[in-house]
Amino acid sequence: MLPVAFCYAGAHSASVFSFSAGSVSFGQIVKAAEPAFAAVLSQFVYNKPVSKAKWLCLPVVIGGVILASVNELDFAWAALISACLANMFAAVKGNENKKLMDTEGLKERLGSVGNQFCITSIMGFLLSIPFVLMREGGKLGEFVEAFKTVPALKHNLIARLVPFVCCNAVTQSVANTAKRVIVIVGVALVLGESLDPMKLIGCGIGIGGVFLYSIIDNIVKPKAE
């Protein structure tokens with residue numbers, strides 16, 4: 001499970017960095033293109049063919065992301081690169097996870113998808129610790145003091161952890177679609193980030209394409225005779 005956990009940690013870390021390097025909404029828009037990375041890796045690296053219906057959804061996703069980024073006022077190369085890196089980690093994680101669950105006897109030992117998700121999260125957290133200490137270790141004392149004295153930090157951290165821990169891996173693809181819409185609109189209202197019509201249209205097209213990508217195989221699957 002180490003490769004899955006490492007990619008899990010890498011995807012999360014790169015995502016956080018992309019949101020700090022540029023606007024949160026821009027990072028979310030680029031991350032919406034994750035299915036494109038997953039499809040390419042699955043088809044050409046892991047030899048797991050992707051359906052034609054899913055391939056047809058990808059131009060919609062990529063087109064929406066490009067359209068939303070054309071007039072992005074808060075564009076930053078660091079945000080773009082790190083969001084793409086997060087997509088790559090997430091795509092590898094997804095494909096490695098499928099290989100993992102095909103391991104004989106593993107499903108029986110883990111017991112459920114929820115247990116597997118929990119163990120991956122714990123291992124990803126542990127793998128992240130050395131990098132966190134290396135990058136931000138000098139600020140650990142400052143963080144502990146701020147956690148004790150700044151109520152907003154404590155409350156926001158706890159409020160963020162609860163839904164993350166309670167995440168249901170089965171419904172995650174659908175929930176992620178809704179999450180991106182809420183985050184993009186929310187940060188525009190709260191943080192004053194740009195939300196021009198072109199960005200809104202591109203965002204709607206890209207995220208709609210992601211949602212369609214998630215369910216298209218169930219829509220077009222052959223009906224049983």
# chains A, B, ... in the order shown; residues from 1 in each chain; ligands from 1
$ residues_around --residues "Val60 in chain A" --least-positions-apart "5" --cutoff "10 Å" --atoms "only C-alpha atoms" --output "ChimeraX atom specification"
/A:33,55,65-66,202,205-210,212-213
$ write_last_selection --atoms "N, CA, C and O atoms" --output "PDB file, in the first residue's frame"
ATOM      1  N   ALA A  33      -9.216  19.000 -14.251  1.00  0.00           N
ATOM      2  CA  ALA A  33      -8.747  18.224 -15.404  1.00  0.00           C
ATOM      3  C   ALA A  33      -8.120  16.892 -14.993  1.00  0.00           C
ATOM      4  O   ALA A  33      -7.552  16.195 -15.841  1.00  0.00           O
ATOM      5  N   TRP A  55     -13.410   9.014 -23.254  1.00  0.00           N
ATOM      6  CA  TRP A  55     -12.487   9.811 -24.073  1.00  0.00           C
ATOM      7  C   TRP A  55     -13.200  11.016 -24.671  1.00  0.00           C
ATOM      8  O   TRP A  55     -12.633  12.105 -24.765  1.00  0.00           O
ATOM      9  N   VAL A  65     -11.428  23.991 -18.886  1.00  0.00           N
ATOM     10  CA  VAL A  65     -10.305  24.478 -18.083  1.00  0.00           C
ATOM     11  C   VAL A  65      -9.558  25.579 -18.833  1.00  0.00           C
ATOM     12  O   VAL A  65      -9.203  26.615 -18.253  1.00  0.00           O
ATOM     13  N   ILE A  66      -9.306  25.373 -20.126  1.00  0.00           N
ATOM     14  CA  ILE A  66      -8.598  26.386 -20.930  1.00  0.00           C
ATOM     15  C   ILE A  66      -9.412  27.669 -21.004  1.00  0.00           C
ATOM     16  O   ILE A  66      -8.889  28.777 -20.827  1.00  0.00           O
ATOM     17  N   GLY A 202     -16.336  28.780 -18.536  1.00  0.00           N
ATOM     18  CA  GLY A 202     -15.331  27.723 -18.636  1.00  0.00           C
ATOM     19  C   GLY A 202     -15.376  26.780 -17.453  1.00  0.00           C
ATOM     20  O   GLY A 202     -15.267  25.563 -17.603  1.00  0.00           O
ATOM     21  N   ILE A 205     -18.395  24.499 -17.841  1.00  0.00           N
ATOM     22  CA  ILE A 205     -18.168  23.473 -18.871  1.00  0.00           C
ATOM     23  C   ILE A 205     -17.207  22.397 -18.363  1.00  0.00           C
ATOM     24  O   ILE A 205     -17.460  21.190 -18.494  1.00  0.00           O
ATOM     25  N   GLY A 206     -16.080  22.835 -17.763  1.00  0.00           N
ATOM     26  CA  GLY A 206     -15.082  21.885 -17.292  1.00  0.00           C
ATOM     27  C   GLY A 206     -15.607  20.974 -16.199  1.00  0.00           C
ATOM     28  O   GLY A 206     -15.448  19.750 -16.251  1.00  0.00           O
ATOM     29  N   ILE A 207     -16.267  21.553 -15.205  1.00  0.00           N
ATOM     30  CA  ILE A 207     -16.768  20.759 -14.088  1.00  0.00           C
ATOM     31  C   ILE A 207     -17.939  19.889 -14.530  1.00  0.00           C
ATOM     32  O   ILE A 207     -18.084  18.744 -14.079  1.00  0.00           O
ATOM     33  N   GLY A 208     -18.765  20.408 -15.433  1.00  0.00           N
ATOM     34  CA  GLY A 208     -19.847  19.583 -15.989  1.00  0.00           C
ATOM     35  C   GLY A 208     -19.289  18.391 -16.742  1.00  0.00           C
ATOM     36  O   GLY A 208     -19.824  17.280 -16.658  1.00  0.00           O
ATOM     37  N   GLY A 209     -18.173  18.612 -17.457  1.00  0.00           N
ATOM     38  CA  GLY A 209     -17.514  17.513 -18.167  1.00  0.00           C
ATOM     39  C   GLY A 209     -16.966  16.462 -17.222  1.00  0.00           C
ATOM     40  O   GLY A 209     -17.023  15.263 -17.505  1.00  0.00           O
ATOM     41  N   VAL A 210     -16.436  16.905 -16.068  1.00  0.00           N
ATOM     42  CA  VAL A 210     -15.928  15.969 -15.066  1.00  0.00           C
ATOM     43  C   VAL A 210     -17.053  15.109 -14.514  1.00  0.00           C
ATOM     44  O   VAL A 210     -16.921  13.888 -14.358  1.00  0.00           O
ATOM     45  N   LEU A 212     -19.878  14.411 -16.008  1.00  0.00           N
ATOM     46  CA  LEU A 212     -20.304  13.503 -17.070  1.00  0.00           C
ATOM     47  C   LEU A 212     -19.326  12.347 -17.208  1.00  0.00           C
ATOM     48  O   LEU A 212     -19.731  11.184 -17.398  1.00  0.00           O
ATOM     49  N   TYR A 213     -18.021  12.643 -17.110  1.00  0.00           N
ATOM     50  CA  TYR A 213     -16.986  11.605 -17.176  1.00  0.00           C
ATOM     51  C   TYR A 213     -17.193  10.553 -16.085  1.00  0.00           C
ATOM     52  O   TYR A 213     -16.973   9.361 -16.297  1.00  0.00           O
TER      53      TYR A 213
END
$ closest_atom_pairs --of "range 39-115 of chain A" --to "range 2-18 of chain A" --cutoff "8 Å" --atoms "only C-alpha atoms" --output "JSON lines"
{"residue": "A:Ala78", "atom": "CA", "partner": "A:Ser18", "partner_atom": "CA", "distance": 6.8}
{"residue": "A:Ala79", "atom": "CA", "partner": "A:Ser18", "partner_atom": "CA", "distance": 4.2}
{"residue": "A:Leu80", "atom": "CA", "partner": "A:Ser18", "partner_atom": "CA", "distance": 6.9}
{"residue": "A:Ile81", "atom": "CA", "partner": "A:Ser18", "partner_atom": "CA", "distance": 7.8}
{"residue": "A:Ser82", "atom": "CA", "partner": "A:Ser18", "partner_atom": "CA", "distance": 5.2}
{"residue": "A:Ala83", "atom": "CA", "partner": "A:Ser18", "partner_atom": "CA", "distance": 5.4}
{"residue": "A:Leu85", "atom": "CA", "partner": "A:Ala14", "partner_atom": "CA", "distance": 6.4}
{"residue": "A:Ala86", "atom": "CA", "partner": "A:Ala11", "partner_atom": "CA", "distance": 4.2}
{"residue": "A:Asn87", "atom": "CA", "partner": "A:Ala11", "partner_atom": "CA", "distance": 6.8}
{"residue": "A:Met88", "atom": "CA", "partner": "A:Ala11", "partner_atom": "CA", "distance": 7.6}
{"residue": "A:Phe89", "atom": "CA", "partner": "A:Ala11", "partner_atom": "CA", "distance": 5.0}
{"residue": "A:Ala90", "atom": "CA", "partner": "A:Ala11", "partner_atom": "CA", "distance": 5.4}
{"residue": "A:Val92", "atom": "CA", "partner": "A:Cys7", "partner_atom": "CA", "distance": 6.8}
{"residue": "A:Lys93", "atom": "CA", "partner": "A:Val4", "partner_atom": "CA", "distance": 5.1}
{"residue": "A:Gly94", "atom": "CA", "partner": "A:Val4", "partner_atom": "CA", "distance": 7.9}
{"residue": "A:Glu96", "atom": "CA", "partner": "A:Val4", "partner_atom": "CA", "distance": 6.0}
{"residue": "A:Asn97", "atom": "CA", "partner": "A:Val4", "partner_atom": "CA", "distance": 6.1}
$ residues_around --residues "Lys54 in chain A" --least-positions-apart "5" --cutoff "12 Å" --atoms "only C-alpha atoms" --output "PyMOL selection string"
chain A and resi 35-36+38-40+42-43+49+59-61+209-221
$ atom_distance --atom1 "CA of Glu104 in chain A" --atom2 "CA of Asn47 in chain A"
19.5 Å
$ select_by_dssp --residues "range 36-212 of chain A" --states "alpha helix (DSSP H)" --output "MDAnalysis selection string"
chainID A and resid 36:44 52:69 77:101 106:110 113:136 140:149 151:165 172:191 197:212
$ atom_distance --atom1 "CA of Val132 in chain A" --atom2 "CA of Val113 in chain A"
28.0 Å
$ residues_around --residues "Ser121 in chain A" --least-positions-apart "2" --cutoff "9 Å" --atoms "only C-alpha atoms" --output "PDB file with N, CA and C atoms, in the first residue's frame"
ATOM      1  N   ALA A   5      -0.228   5.223  -0.809  1.00  0.00           N
ATOM      2  CA  ALA A   5      -0.147   6.211   0.261  1.00  0.00           C
ATOM      3  C   ALA A   5       0.776   7.369  -0.117  1.00  0.00           C
ATOM      4  N   TYR A   8      -1.015   9.518  -2.529  1.00  0.00           N
ATOM      5  CA  TYR A   8      -2.070  10.206  -1.781  1.00  0.00           C
ATOM      6  C   TYR A   8      -1.495  11.451  -1.101  1.00  0.00           C
ATOM      7  N   ALA A   9      -0.353  11.280  -0.433  1.00  0.00           N
ATOM      8  CA  ALA A   9       0.301  12.395   0.246  1.00  0.00           C
ATOM      9  C   ALA A   9       0.786  13.436  -0.764  1.00  0.00           C
ATOM     10  N   GLN A 116      -9.791   0.491   3.790  1.00  0.00           N
ATOM     11  CA  GLN A 116      -8.669   0.734   2.882  1.00  0.00           C
ATOM     12  C   GLN A 116      -8.382   2.233   2.766  1.00  0.00           C
ATOM     13  N   PHE A 117      -9.441   3.037   2.650  1.00  0.00           N
ATOM     14  CA  PHE A 117      -9.300   4.493   2.546  1.00  0.00           C
ATOM     15  C   PHE A 117      -8.682   5.054   3.829  1.00  0.00           C
ATOM     16  N   CYS A 118      -9.118   4.528   4.972  1.00  0.00           N
ATOM     17  CA  CYS A 118      -8.615   4.982   6.271  1.00  0.00           C
ATOM     18  C   CYS A 118      -7.124   4.675   6.423  1.00  0.00           C
ATOM     19  N   ILE A 119      -6.731   3.445   6.075  1.00  0.00           N
ATOM     20  CA  ILE A 119      -5.331   3.047   6.203  1.00  0.00           C
ATOM     21  C   ILE A 119      -4.449   3.868   5.259  1.00  0.00           C
ATOM     22  N   MET A 123      -1.336   6.257   6.448  1.00  0.00           N
ATOM     23  CA  MET A 123       0.004   6.069   5.903  1.00  0.00           C
ATOM     24  C   MET A 123       0.472   7.315   5.159  1.00  0.00           C
ATOM     25  N   GLY A 124      -0.443   7.960   4.404  1.00  0.00           N
ATOM     26  CA  GLY A 124      -0.100   9.183   3.698  1.00  0.00           C
ATOM     27  C   GLY A 124       0.306  10.284   4.661  1.00  0.00           C
ATOM     28  N   PHE A 125      -0.405  10.376   5.787  1.00  0.00           N
ATOM     29  CA  PHE A 125      -0.074  11.364   6.821  1.00  0.00           C
ATOM     30  C   PHE A 125       1.323  11.116   7.382  1.00  0.00           C
ATOM     31  N   LEU A 126       1.620   9.859   7.698  1.00  0.00           N
ATOM     32  CA  LEU A 126       2.926   9.518   8.263  1.00  0.00           C
ATOM     33  C   LEU A 126       4.055   9.806   7.274  1.00  0.00           C
ATOM     34  N   VAL A 165     -12.163  13.593   7.293  1.00  0.00           N
ATOM     35  CA  VAL A 165     -12.089  12.261   7.882  1.00  0.00           C
ATOM     36  C   VAL A 165     -13.362  11.465   7.591  1.00  0.00           C
TER      37      VAL A 165
END
